[in-house]
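Read through the structure below, which is laid out as structure tokens, and then see the notes.
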Amino acid sequence: MKDIREDIAWAQINTDVLKSLENPRRLYWVILFVAIAMVGVAVGCEVYQYNMGLGVGNFDNPHMWGLYIASFIFWIGMSHSGTLLSAILHLMHADWRKPIYRFAEAMTTFSLMTAGLFVAVHLGRIWQIYFALPYPNMRQVWPNFQSPLLWDAMAIFTYLSSSILFLYIGMIPDLAICRDNMHSGWRRKLYTALSLGWEGTDRQWRNFRMTYLTIACFLIPLAVSVHSIVASDFGMSQQPGWHITSFPPYFVAGALYSGCAAIITLFIILRYVFKFEEYMTMPILKKIVRLTFAISMVWTYLVWVEYATAWFGHNPHDQHLLLEKATGTYAPFWWMMNFCASVVPLILVFKRFQTNIPVLFAVSLLLNLGMWLERWMIVAPTFADGYYPWTWDHNQWPSLVQWGIVFGSFGWFTMLFMIFCKIFPSVSMYEVKEMVYHRSLATKRLQATGELAAAGKGAH
Amino acid sequence: MSKRHLLALFTDFDAAEKVVTELRNLGIKGFNAEKDMIVKSPIEHPEVEEFLGDRPVRVQWFTLFGAVGVGALLFLLVAAAQGSFFAQMKGGKPIVPFPPDFVLAYEFFILGGVYITVLGFLICAGLPARRSPLYSSKVSEDQIGILVQSEESASGTLKSIFTKHQALEIQEEAGK
Amino acid sequence: MSISTLFENYSEFRHRHPDGDVPHNPYKWAMAIDLDACSGCNACSVACYAENNLPVVGREKFAHGQVMHWMRIERYWDQDGREFPDRGARYLPMLCQQCEAAPCETVCPVGATNHTPDGLNSQIYNRCIGSRYCSSNCPYKVRYFNWWDYPSTDNVWPAEMNMQLNPDVTVRGKGVMEKCTFCIQRIRGAEIDAKTQGRLVRDGEIQTACMQACPTSAISFGNLVDPESKVHKQWRAQQVELDKHEQVKDEEPGGTDLRGYRIYEWLAPYPSIMYLERVRESEI
């Protein structure tokens, strides 16, 4: 299996990646138009909902929350991919992350932007969303700092702004490359402005390296805490099926799972569209696939812990809820979730499938479907079968308005990602050069000390 | 006499290292190896620092003060806000409860840390930077550049050193 | 500034409630509902509609679960294989329990629901942004959300019904959460009257709309810390204490002969409504 050539010319790396920034082919515009149309559907649904009231979403008492909260958590979860690749693997000196972390970080930023939209759409009075911000005012009215939803607001704001800063700072050397190589026009002006006069001096590199490392060290506890706080929206409440102490790690595991599956999907797409076979190599894909499998098993363990505590604990409400999940209104979706998220990843055990692109593409989409269903299955059954028996009298399904907005959110994400890929380099050129450089240095050292044969070169 | 810039491009770090060592050891008149030389490279290379000599990185101090300072400040803000005019009980919990305040302090610690680190980076690295008078796009591609500024008298010596170490290209600033 | 206020009142700000805090003074509004007297007639529910300007949603939305009744009569039947299963329903009037440690108060992101010094759970309509977290956390599901655009929606109060609207109560707009307030407009009215006369509110001076309409006087309402009030005497007779989540009487022999209980007491929201169990034919 071919890994990146150690003797690849650095100029070649520049050329290959910069080629992805050229004017797009027609198919790009078609897909972008479809994505924008999907966003249009969501906007239409939201305008309708804004005018008529949230009742059009088919909500009622007790089904107070629905797909908006489920999708919100799903998109926040997907955002953990970038942090995983950028920050965690950076600290672990895993150089195979270098060709792929740029688009993963972009995915993080856009997922967070999509999640923010769902918060707004979910509110009954979206025009007063600024009440949740801690701004000083004449009446000294502050938001309620005890509320997990407010912790969400603070945490997600921190995470979004830190992700954008991290993505931008990490891109500065690449923007300098773009500035040096793009023909004049709006692109040249944009890159010149954004690259802040970067010239690769040793003073700049020294501080750059320290800054990148420091922000990576901050981002890891931030990512863990953000999704733990989102989990505490549920964990801090008393409702059966929600008041579970394992929710924070369970959600974080689900988030990493979701993010890894999305990385596989985007990896396959970008590799094919931009012809990045030289950089997004099969060994890297194999590593991501194995990582996804490992995380899927961690997630499976945690979800079984949740079921076991519900079943073997002596709380009849939790037991009743678990039975209802498996046999009640939402049962088909619950079983589909368990299948997609726990059974489907077992395919990844087989070496034959670990580099089989069509299979991986389908599997990654199924995994994310499973994770989306999981979020829905946390939200909906607790409302349908909570503590109070009077509330158990009717079924509730989300209306087309809710489905429309969820559908449109995928279009929004796609649109943002596609625009990103055509303006900013989706493979980090300077990091690929570093990867190639360090690998060739390592090979030279082995050659020099005569250990080359012993090392069995080729097995990375 | 005014200082003029020279830019020499080399193919790899070894050549650049040899040049820098020689420039430093020779002690050329009209040229100060500490202040008048900048090495530019397409990737970071810790060994560049080794042969250039130790220069401290101050970004971490920004981080420390920013994280601790902003975290503490915003923690106080949150707690004070909870105790302000409309201090009403919620859910039987104390008006200034510890768990939510600590969760928020944790987030603000990270927020402050990241923001101030970025600010520190921009200040310590001197960005946005004014572009150098001499620059080659090859520096961002695959060649190492050494930018020196020296008096007229020294430029001949410098050029000969560069050529000796197989400089791929030598740019000279046009006369003033 | 707020920071100096924080340091001055620090010990006050650290109290928990109700078990770690000072008792209410001079008012703590509480209720007792006698389920043996309740006939399920729904007069209380209708009175609440009239008093608090509740929108009438219509049959379709009612069936959908989007009804706005702040007080609801729930009906429960035993499934013991009796000959006529539809007979013998038991009625439970359920309304906001005005919990002392309300789960809804902690979770509102903007602080639209708080606990007042006289023991009510307040809902501030202007502040509510409609996140519905409060209702998600309520064990009783007694919070009602304005899913549509009441009162602007058609036929909410058909002609002439709008003549009976109560000018003392605000109407709630689109996307706002509402719930029973123990007829706070009546409470405040009586408190103001009493204050101008330089005295405290007397027992029986305040009647909530539901209590006023009940034909069997199943509902009693009053000041729990006033030893002369009916509600206080009922709670004491039943040995139900406000600030406990497990009553002492339940451990003692003969304690369960007392009919008084609170719903979901073990979740420790410390509700302010005591129900008096219906006298049954058989043992449960």
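Labels used: A, B, ... for chains in the order of the structure tokens, numbers from 1 for residues in each chain, and numbers from 1 for ligands as shown.
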List as an MDAnalysis selection string the protein and nucleic acid residues near A:Met418, meaning an atom at most 9 Å away when only C-alpha atoms are counted, but skip any in the same chain fewer than 6 places from it.
chainID A and resid 28 31:32
To test your reading of the structure, identify every residue in stretch 183-272 of chain A that backbone DSSP assigns to helix (DSSP H, G or I), and report it as a PDB file with N, CA and C atoms, in the first residue's frame.
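selection07.pdb was written with the following content:
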ATOM      1  N   TRP A 186      -8.777  39.247  -6.631  1.00  0.00           N
ATOM      2  CA  TRP A 186      -9.304  39.264  -5.269  1.00  0.00           C
ATOM      3  C   TRP A 186      -8.611  38.225  -4.402  1.00  0.00           C
ATOM      4  N   ARG A 187      -8.181  37.130  -5.035  1.00  0.00           N
ATOM      5  CA  ARG A 187      -7.512  36.080  -4.261  1.00  0.00           C
ATOM      6  C   ARG A 187      -6.210  36.589  -3.679  1.00  0.00           C
ATOM      7  N   ARG A 188      -5.410  37.240  -4.533  1.00  0.00           N
ATOM      8  CA  ARG A 188      -4.112  37.720  -4.062  1.00  0.00           C
ATOM      9  C   ARG A 188      -4.308  38.704  -2.921  1.00  0.00           C
ATOM     10  N   LYS A 189      -5.301  39.574  -3.077  1.00  0.00           N
ATOM     11  CA  LYS A 189      -5.530  40.562  -2.014  1.00  0.00           C
ATOM     12  C   LYS A 189      -5.943  39.873  -0.726  1.00  0.00           C
ATOM     13  N   LEU A 190      -6.830  38.879  -0.846  1.00  0.00           N
ATOM     14  CA  LEU A 190      -7.318  38.182   0.337  1.00  0.00           C
ATOM     15  C   LEU A 190      -6.168  37.498   1.063  1.00  0.00           C
ATOM     16  N   TYR A 191      -5.346  36.745   0.316  1.00  0.00           N
ATOM     17  CA  TYR A 191      -4.260  36.022   0.961  1.00  0.00           C
ATOM     18  C   TYR A 191      -3.220  36.960   1.528  1.00  0.00           C
ATOM     19  N   THR A 192      -2.971  38.051   0.835  1.00  0.00           N
ATOM     20  CA  THR A 192      -1.989  39.002   1.374  1.00  0.00           C
ATOM     21  C   THR A 192      -2.469  39.554   2.702  1.00  0.00           C
ATOM     22  N   ALA A 193      -3.747  39.890   2.741  1.00  0.00           N
ATOM     23  CA  ALA A 193      -4.272  40.433   3.997  1.00  0.00           C
ATOM     24  C   ALA A 193      -4.250  39.388   5.092  1.00  0.00           C
ATOM     25  N   LEU A 194      -4.684  38.174   4.774  1.00  0.00           N
ATOM     26  CA  LEU A 194      -4.825  37.163   5.814  1.00  0.00           C
ATOM     27  C   LEU A 194      -3.493  36.594   6.279  1.00  0.00           C
ATOM     28  N   ASP A 202      12.754  32.800  11.437  1.00  0.00           N
ATOM     29  CA  ASP A 202      12.869  31.889  12.573  1.00  0.00           C
ATOM     30  C   ASP A 202      12.116  32.414  13.776  1.00  0.00           C
ATOM     31  N   ARG A 203      12.079  33.748  13.911  1.00  0.00           N
ATOM     32  CA  ARG A 203      11.293  34.307  15.027  1.00  0.00           C
ATOM     33  C   ARG A 203       9.837  33.933  14.873  1.00  0.00           C
ATOM     34  N   GLN A 204       9.319  34.021  13.646  1.00  0.00           N
ATOM     35  CA  GLN A 204       7.918  33.684  13.430  1.00  0.00           C
ATOM     36  C   GLN A 204       7.659  32.205  13.666  1.00  0.00           C
ATOM     37  N   TRP A 205       8.559  31.357  13.160  1.00  0.00           N
ATOM     38  CA  TRP A 205       8.350  29.921  13.333  1.00  0.00           C
ATOM     39  C   TRP A 205       8.428  29.505  14.801  1.00  0.00           C
ATOM     40  N   ARG A 206       9.368  30.067  15.514  1.00  0.00           N
ATOM     41  CA  ARG A 206       9.538  29.694  16.913  1.00  0.00           C
ATOM     42  C   ARG A 206       8.263  29.970  17.698  1.00  0.00           C
ATOM     43  N   ASN A 207       7.773  31.198  17.534  1.00  0.00           N
ATOM     44  CA  ASN A 207       6.565  31.561  18.276  1.00  0.00           C
ATOM     45  C   ASN A 207       5.366  30.785  17.772  1.00  0.00           C
ATOM     46  N   PHE A 208       5.385  30.513  16.469  1.00  0.00           N
ATOM     47  CA  PHE A 208       4.280  29.764  15.890  1.00  0.00           C
ATOM     48  C   PHE A 208       4.173  28.389  16.523  1.00  0.00           C
ATOM     49  N   ARG A 209       5.306  27.742  16.616  1.00  0.00           N
ATOM     50  CA  ARG A 209       5.273  26.387  17.136  1.00  0.00           C
ATOM     51  C   ARG A 209       4.763  26.377  18.568  1.00  0.00           C
ATOM     52  N   MET A 210       5.241  27.323  19.377  1.00  0.00           N
ATOM     53  CA  MET A 210       4.802  27.373  20.770  1.00  0.00           C
ATOM     54  C   MET A 210       3.316  27.685  20.860  1.00  0.00           C
ATOM     55  N   THR A 211       2.857  28.629  20.045  1.00  0.00           N
ATOM     56  CA  THR A 211       1.442  28.988  20.082  1.00  0.00           C
ATOM     57  C   THR A 211       0.568  27.817  19.690  1.00  0.00           C
ATOM     58  N   TYR A 212       0.972  27.134  18.620  1.00  0.00           N
ATOM     59  CA  TYR A 212       0.166  26.009  18.143  1.00  0.00           C
ATOM     60  C   TYR A 212       0.059  24.952  19.220  1.00  0.00           C
ATOM     61  N   LEU A 213       1.175  24.660  19.848  1.00  0.00           N
ATOM     62  CA  LEU A 213       1.182  23.650  20.904  1.00  0.00           C
ATOM     63  C   LEU A 213       0.310  24.091  22.075  1.00  0.00           C
ATOM     64  N   THR A 214       0.433  25.372  22.463  1.00  0.00           N
ATOM     65  CA  THR A 214      -0.349  25.859  23.600  1.00  0.00           C
ATOM     66  C   THR A 214      -1.835  25.789  23.316  1.00  0.00           C
ATOM     67  N   ILE A 215      -2.235  26.259  22.143  1.00  0.00           N
ATOM     68  CA  ILE A 215      -3.666  26.221  21.853  1.00  0.00           C
ATOM     69  C   ILE A 215      -4.149  24.777  21.748  1.00  0.00           C
ATOM     70  N   ALA A 216      -3.321  23.897  21.204  1.00  0.00           N
ATOM     71  CA  ALA A 216      -3.714  22.482  21.158  1.00  0.00           C
ATOM     72  C   ALA A 216      -3.926  21.943  22.569  1.00  0.00           C
ATOM     73  N   CYS A 217      -3.045  22.332  23.490  1.00  0.00           N
ATOM     74  CA  CYS A 217      -3.204  21.881  24.877  1.00  0.00           C
ATOM     75  C   CYS A 217      -4.475  22.432  25.494  1.00  0.00           C
ATOM     76  N   PHE A 218      -4.894  23.619  25.105  1.00  0.00           N
ATOM     77  CA  PHE A 218      -6.141  24.150  25.629  1.00  0.00           C
ATOM     78  C   PHE A 218      -7.348  23.499  24.975  1.00  0.00           C
ATOM     79  N   LEU A 219      -7.206  23.193  23.683  1.00  0.00           N
ATOM     80  CA  LEU A 219      -8.384  22.718  22.963  1.00  0.00           C
ATOM     81  C   LEU A 219      -8.845  21.348  23.429  1.00  0.00           C
ATOM     82  N   ILE A 220      -7.911  20.526  23.899  1.00  0.00           N
ATOM     83  CA  ILE A 220      -8.328  19.179  24.283  1.00  0.00           C
ATOM     84  C   ILE A 220      -9.243  19.221  25.503  1.00  0.00           C
ATOM     85  N   PRO A 221      -8.864  19.855  26.630  1.00  0.00           N
ATOM     86  CA  PRO A 221      -9.835  19.925  27.725  1.00  0.00           C
ATOM     87  C   PRO A 221     -11.088  20.695  27.343  1.00  0.00           C
ATOM     88  N   LEU A 222     -10.929  21.651  26.421  1.00  0.00           N
ATOM     89  CA  LEU A 222     -12.109  22.406  25.999  1.00  0.00           C
ATOM     90  C   LEU A 222     -13.094  21.500  25.287  1.00  0.00           C
ATOM     91  N   ALA A 223     -12.595  20.695  24.360  1.00  0.00           N
ATOM     92  CA  ALA A 223     -13.506  19.833  23.608  1.00  0.00           C
ATOM     93  C   ALA A 223     -14.191  18.847  24.541  1.00  0.00           C
ATOM     94  N   VAL A 224     -13.414  18.265  25.447  1.00  0.00           N
ATOM     95  CA  VAL A 224     -14.016  17.315  26.393  1.00  0.00           C
ATOM     96  C   VAL A 224     -15.059  18.026  27.233  1.00  0.00           C
ATOM     97  N   SER A 225     -14.736  19.234  27.699  1.00  0.00           N
ATOM     98  CA  SER A 225     -15.687  19.918  28.573  1.00  0.00           C
ATOM     99  C   SER A 225     -16.911  20.387  27.809  1.00  0.00           C
ATOM    100  N   VAL A 226     -16.759  20.800  26.559  1.00  0.00           N
ATOM    101  CA  VAL A 226     -17.922  21.281  25.815  1.00  0.00           C
ATOM    102  C   VAL A 226     -18.954  20.176  25.694  1.00  0.00           C
ATOM    103  N   HIS A 227     -18.506  18.996  25.287  1.00  0.00           N
ATOM    104  CA  HIS A 227     -19.511  17.970  25.114  1.00  0.00           C
ATOM    105  C   HIS A 227     -19.982  17.410  26.440  1.00  0.00           C
ATOM    106  N   SER A 228     -19.167  17.493  27.465  1.00  0.00           N
ATOM    107  CA  SER A 228     -19.649  17.099  28.791  1.00  0.00           C
ATOM    108  C   SER A 228     -20.724  18.061  29.259  1.00  0.00           C
ATOM    109  N   ILE A 229     -20.538  19.341  28.955  1.00  0.00           N
ATOM    110  CA  ILE A 229     -21.550  20.320  29.349  1.00  0.00           C
ATOM    111  C   ILE A 229     -22.839  20.089  28.575  1.00  0.00           C
ATOM    112  N   VAL A 230     -22.717  19.782  27.297  1.00  0.00           N
ATOM    113  CA  VAL A 230     -23.915  19.464  26.525  1.00  0.00           C
ATOM    114  C   VAL A 230     -24.578  18.238  27.129  1.00  0.00           C
ATOM    115  N   ALA A 231     -23.790  17.258  27.547  1.00  0.00           N
ATOM    116  CA  ALA A 231     -24.358  16.063  28.184  1.00  0.00           C
ATOM    117  C   ALA A 231     -25.023  16.424  29.498  1.00  0.00           C
ATOM    118  N   SER A 232     -24.512  17.426  30.184  1.00  0.00           N
ATOM    119  CA  SER A 232     -25.114  17.761  31.468  1.00  0.00           C
ATOM    120  C   SER A 232     -26.440  18.484  31.300  1.00  0.00           C
ATOM    121  N   ASP A 233     -26.767  18.941  30.079  1.00  0.00           N
ATOM    122  CA  ASP A 233     -28.142  19.400  29.829  1.00  0.00           C
ATOM    123  C   ASP A 233     -29.100  18.308  30.229  1.00  0.00           C
ATOM    124  N   PHE A 234     -28.690  17.064  29.967  1.00  0.00           N
ATOM    125  CA  PHE A 234     -29.517  15.926  30.312  1.00  0.00           C
ATOM    126  C   PHE A 234     -29.150  15.383  31.684  1.00  0.00           C
ATOM    127  N   GLY A 235     -27.850  15.237  31.920  1.00  0.00           N
ATOM    128  CA  GLY A 235     -27.420  14.616  33.164  1.00  0.00           C
ATOM    129  C   GLY A 235     -27.840  15.389  34.405  1.00  0.00           C
ATOM    130  N   PHE A 247     -23.338  10.005  31.373  1.00  0.00           N
ATOM    131  CA  PHE A 247     -23.630  10.764  30.169  1.00  0.00           C
ATOM    132  C   PHE A 247     -22.473  11.600  29.647  1.00  0.00           C
ATOM    133  N   PRO A 248     -21.745  12.351  30.500  1.00  0.00           N
ATOM    134  CA  PRO A 248     -20.653  13.127  29.903  1.00  0.00           C
ATOM    135  C   PRO A 248     -19.637  12.294  29.116  1.00  0.00           C
ATOM    136  N   PRO A 249     -19.037  11.229  29.687  1.00  0.00           N
ATOM    137  CA  PRO A 249     -18.110  10.475  28.844  1.00  0.00           C
ATOM    138  C   PRO A 249     -18.799   9.783  27.679  1.00  0.00           C
ATOM    139  N   TYR A 250     -20.041   9.388  27.872  1.00  0.00           N
ATOM    140  CA  TYR A 250     -20.784   8.730  26.801  1.00  0.00           C
ATOM    141  C   TYR A 250     -20.955   9.681  25.622  1.00  0.00           C
ATOM    142  N   PHE A 251     -21.316  10.915  25.907  1.00  0.00           N
ATOM    143  CA  PHE A 251     -21.486  11.889  24.844  1.00  0.00           C
ATOM    144  C   PHE A 251     -20.159  12.204  24.181  1.00  0.00           C
ATOM    145  N   VAL A 252     -19.098  12.324  24.967  1.00  0.00           N
ATOM    146  CA  VAL A 252     -17.805  12.644  24.358  1.00  0.00           C
ATOM    147  C   VAL A 252     -17.366  11.506  23.449  1.00  0.00           C
ATOM    148  N   ALA A 253     -17.584  10.265  23.902  1.00  0.00           N
ATOM    149  CA  ALA A 253     -17.235   9.123  23.048  1.00  0.00           C
ATOM    150  C   ALA A 253     -18.066   9.142  21.772  1.00  0.00           C
ATOM    151  N   GLY A 254     -19.363   9.453  21.920  1.00  0.00           N
ATOM    152  CA  GLY A 254     -20.210   9.536  20.739  1.00  0.00           C
ATOM    153  C   GLY A 254     -19.760  10.634  19.793  1.00  0.00           C
ATOM    154  N   ALA A 255     -19.287  11.734  20.365  1.00  0.00           N
ATOM    155  CA  ALA A 255     -18.834  12.845  19.537  1.00  0.00           C
ATOM    156  C   ALA A 255     -17.597  12.469  18.747  1.00  0.00           C
ATOM    157  N   LEU A 256     -16.635  11.834  19.415  1.00  0.00           N
ATOM    158  CA  LEU A 256     -15.421  11.429  18.704  1.00  0.00           C
ATOM    159  C   LEU A 256     -15.770  10.425  17.612  1.00  0.00           C
ATOM    160  N   TYR A 257     -16.718   9.563  17.930  1.00  0.00           N
ATOM    161  CA  TYR A 257     -17.168   8.547  16.989  1.00  0.00           C
ATOM    162  C   TYR A 257     -17.739   9.215  15.732  1.00  0.00           C
ATOM    163  N   SER A 258     -18.662  10.125  15.986  1.00  0.00           N
ATOM    164  CA  SER A 258     -19.304  10.868  14.900  1.00  0.00           C
ATOM    165  C   SER A 258     -18.268  11.590  14.056  1.00  0.00           C
ATOM    166  N   GLY A 259     -17.342  12.253  14.745  1.00  0.00           N
ATOM    167  CA  GLY A 259     -16.330  13.022  14.037  1.00  0.00           C
ATOM    168  C   GLY A 259     -15.447  12.147  13.176  1.00  0.00           C
ATOM    169  N   CYS A 260     -15.026  11.005  13.720  1.00  0.00           N
ATOM    170  CA  CYS A 260     -14.170  10.109  12.932  1.00  0.00           C
ATOM    171  C   CYS A 260     -14.904   9.585  11.707  1.00  0.00           C
ATOM    172  N   ALA A 261     -16.176   9.239  11.880  1.00  0.00           N
ATOM    173  CA  ALA A 261     -16.925   8.731  10.734  1.00  0.00           C
ATOM    174  C   ALA A 261     -17.034   9.817   9.663  1.00  0.00           C
ATOM    175  N   ALA A 262     -17.259  11.063  10.108  1.00  0.00           N
ATOM    176  CA  ALA A 262     -17.357  12.143   9.132  1.00  0.00           C
ATOM    177  C   ALA A 262     -16.025  12.393   8.445  1.00  0.00           C
ATOM    178  N   ILE A 263     -14.926  12.199   9.177  1.00  0.00           N
ATOM    179  CA  ILE A 263     -13.617  12.360   8.546  1.00  0.00           C
ATOM    180  C   ILE A 263     -13.438  11.354   7.429  1.00  0.00           C
ATOM    181  N   ILE A 264     -13.873  10.122   7.665  1.00  0.00           N
ATOM    182  CA  ILE A 264     -13.738   9.111   6.617  1.00  0.00           C
ATOM    183  C   ILE A 264     -14.529   9.534   5.389  1.00  0.00           C
ATOM    184  N   THR A 265     -15.753  10.014   5.610  1.00  0.00           N
ATOM    185  CA  THR A 265     -16.582  10.425   4.472  1.00  0.00           C
ATOM    186  C   THR A 265     -15.897  11.532   3.679  1.00  0.00           C
ATOM    187  N   LEU A 266     -15.458  12.569   4.391  1.00  0.00           N
ATOM    188  CA  LEU A 266     -14.875  13.704   3.680  1.00  0.00           C
ATOM    189  C   LEU A 266     -13.524  13.367   3.071  1.00  0.00           C
ATOM    190  N   PHE A 267     -12.788  12.480   3.737  1.00  0.00           N
ATOM    191  CA  PHE A 267     -11.500  12.016   3.214  1.00  0.00           C
ATOM    192  C   PHE A 267     -11.709  11.421   1.832  1.00  0.00           C
ATOM    193  N   ILE A 268     -12.691  10.513   1.746  1.00  0.00           N
ATOM    194  CA  ILE A 268     -12.927   9.826   0.478  1.00  0.00           C
ATOM    195  C   ILE A 268     -13.346  10.817  -0.585  1.00  0.00           C
ATOM    196  N   ILE A 269     -14.205  11.768  -0.210  1.00  0.00           N
ATOM    197  CA  ILE A 269     -14.688  12.736  -1.199  1.00  0.00           C
ATOM    198  C   ILE A 269     -13.559  13.623  -1.684  1.00  0.00           C
ATOM    199  N   LEU A 270     -12.798  14.206  -0.737  1.00  0.00           N
ATOM    200  CA  LEU A 270     -11.752  15.148  -1.134  1.00  0.00           C
ATOM    201  C   LEU A 270     -10.649  14.463  -1.937  1.00  0.00           C
ATOM    202  N   ARG A 271     -10.342  13.245  -1.524  1.00  0.00           N
ATOM    203  CA  ARG A 271      -9.285  12.514  -2.213  1.00  0.00           C
ATOM    204  C   ARG A 271      -9.623  12.328  -3.681  1.00  0.00           C
ATOM    205  N   TYR A 272     -10.917  12.000  -3.908  1.00  0.00           N
ATOM    206  CA  TYR A 272     -11.338  11.749  -5.280  1.00  0.00           C
ATOM    207  C   TYR A 272     -11.450  13.063  -6.052  1.00  0.00           C
TER     208      TYR A 272
END
Considering only C-alpha atoms, return as a list in words whatever protein or nucleic-acid residues lie within 7 Å of stretch 142-159 of chain C, sequence-local ones (same chain, fewer than 2 positions apart) excluded.
Met52, Gly53, Leu54, Gly55 and Asn61 of chain A; Pro55, Val56, Val57, Met68, Trp70, Leu95, Cys96, Ser135, Tyr140, Met161, Asn162, Gly173, Lys174, Gly175, Val176, Met177, Glu178 and Lys179 of chain C
Got a sec: who's within 6 Å of stretch 6-16 of chain B, counting only C-alpha atoms, leaving out chain neighbours fewer than 5 positions off, as a ChimeraX atom specification?
/B:143-148,167-172
Residues near A:Asn58, anyone? I mean within 10 Å using only C-alpha atoms, not counting same-chain ones fewer than 4 positions away, as number ranges by chain.
A: 54, 63-64, 66, 396-402; C: 64-66, 147
Writing out the chosen residues with C-alpha atoms as a short mmCIF file (atom, residue, chain, number, x, y, z; two decimals), in the first residue's frame:
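Below is the file again_16.cif, written as the result:
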data_model
loop_
_atom_site.label_atom_id
_atom_site.label_comp_id
_atom_site.auth_asym_id
_atom_site.auth_seq_id
_atom_site.Cartn_x
_atom_site.Cartn_y
_atom_site.Cartn_z
CA LEU A 54 -43.55 26.29 17.37
CA HIS A 63 -42.99 16.43 24.09
CA MET A 64 -41.24 19.72 24.54
CA GLY A 66 -37.53 17.30 19.39
CA GLN A 396 -45.75 12.23 18.94
CA TRP A 397 -43.76 12.45 15.75
CA PRO A 398 -41.88 15.47 14.45
CA SER A 399 -43.60 17.30 11.63
CA LEU A 400 -42.25 18.05 8.17
CA VAL A 401 -41.20 21.47 9.39
CA GLN A 402 -38.75 19.88 11.81
CA HIS C 64 -52.92 16.74 20.10
CA GLY C 65 -51.75 17.59 23.59
CA GLN C 66 -51.37 21.33 23.07
CA TRP C 147 -47.15 26.81 20.90
#
With only C-alpha atoms considered, list every residue of chain B at most 6 Å from chain A, as a list of chain:residue names.
B:Val39, B:Lys40, B:Ser41, B:Ile43, B:Glu44, B:Pro100, B:Leu111, B:Val114, B:Ala125, B:Leu127, B:Pro128, B:Ala129, B:Arg131, B:Ser137, B:Ser140, B:Glu141, B:Asp142
Any chance you can output those residues with N, CA and C atoms as a compact mmCIF listing (two decimals), in the first residue's frame?
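What landed in part38.txt:
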# COMPACT_ATOMS: atom_id res chain seq x y z
N VAL B 39 16.87 34.18 9.11
CA VAL B 39 16.75 32.94 8.32
C VAL B 39 15.28 32.70 8.05
N LYS B 40 14.96 32.44 6.78
CA LYS B 40 13.56 32.17 6.43
C LYS B 40 13.45 30.79 5.85
N SER B 41 12.40 30.07 6.25
CA SER B 41 12.27 28.70 5.77
C SER B 41 10.81 28.34 5.53
N ILE B 43 9.43 25.45 6.31
CA ILE B 43 8.84 24.71 7.42
C ILE B 43 9.62 25.07 8.68
N GLU B 44 9.02 24.77 9.78
CA GLU B 44 9.74 25.07 11.02
C GLU B 44 10.81 24.01 11.22
N PRO B 100 -21.84 25.39 39.43
CA PRO B 100 -21.93 26.11 38.15
C PRO B 100 -20.84 27.15 38.01
N LEU B 111 -11.03 30.14 27.64
CA LEU B 111 -11.30 31.23 26.72
C LEU B 111 -10.22 32.29 26.80
N VAL B 114 -6.79 30.98 25.46
CA VAL B 114 -6.64 30.92 24.01
C VAL B 114 -6.53 32.31 23.40
N ALA B 125 5.60 37.37 17.63
CA ALA B 125 6.11 37.08 16.28
C ALA B 125 6.13 38.31 15.42
N LEU B 127 3.54 40.00 14.13
CA LEU B 127 2.61 39.98 13.01
C LEU B 127 1.50 40.97 13.28
N PRO B 128 0.84 41.56 12.34
CA PRO B 128 1.19 41.60 10.92
C PRO B 128 2.53 42.31 10.70
N ALA B 129 3.34 41.71 9.84
CA ALA B 129 4.70 42.21 9.67
C ALA B 129 4.79 43.02 8.38
N ARG B 131 6.54 43.69 5.04
CA ARG B 131 7.28 42.79 4.17
C ARG B 131 8.73 43.23 4.08
N SER B 137 9.54 33.98 -3.52
CA SER B 137 8.47 33.03 -3.22
C SER B 137 9.01 31.61 -3.04
N SER B 140 8.76 30.11 0.46
CA SER B 140 7.58 29.40 0.93
C SER B 140 7.42 28.08 0.21
N GLU B 141 8.31 27.80 -0.72
CA GLU B 141 8.17 26.56 -1.48
C GLU B 141 9.13 25.50 -0.97
N ASP B 142 10.40 25.65 -1.26
CA ASP B 142 11.29 24.59 -0.81
C ASP B 142 12.72 25.06 -0.54
Could you name the residues that touch B:Phe109 at 12 Å or less, counting only C-alpha atoms, but leaving out those on the same chain fewer than 6 positions away, as a PyMOL selection string?
(chain A and resi 154-155+158+218-219+221-222) or (chain B and resi 63-75+101-103+115-117)
Contact set, chain C to chain B: 8 Å, only C-alpha atoms, as an MDAnalysis selection string
chainID C and resid 2:3 5:6 13:18 100:106 113:116 269
Enumerate the residues of stretch 26-141 of chain B with a DSSP assignment of strand (DSSP E), computed from the backbone, and present them as number ranges by chain.
B: 37-40
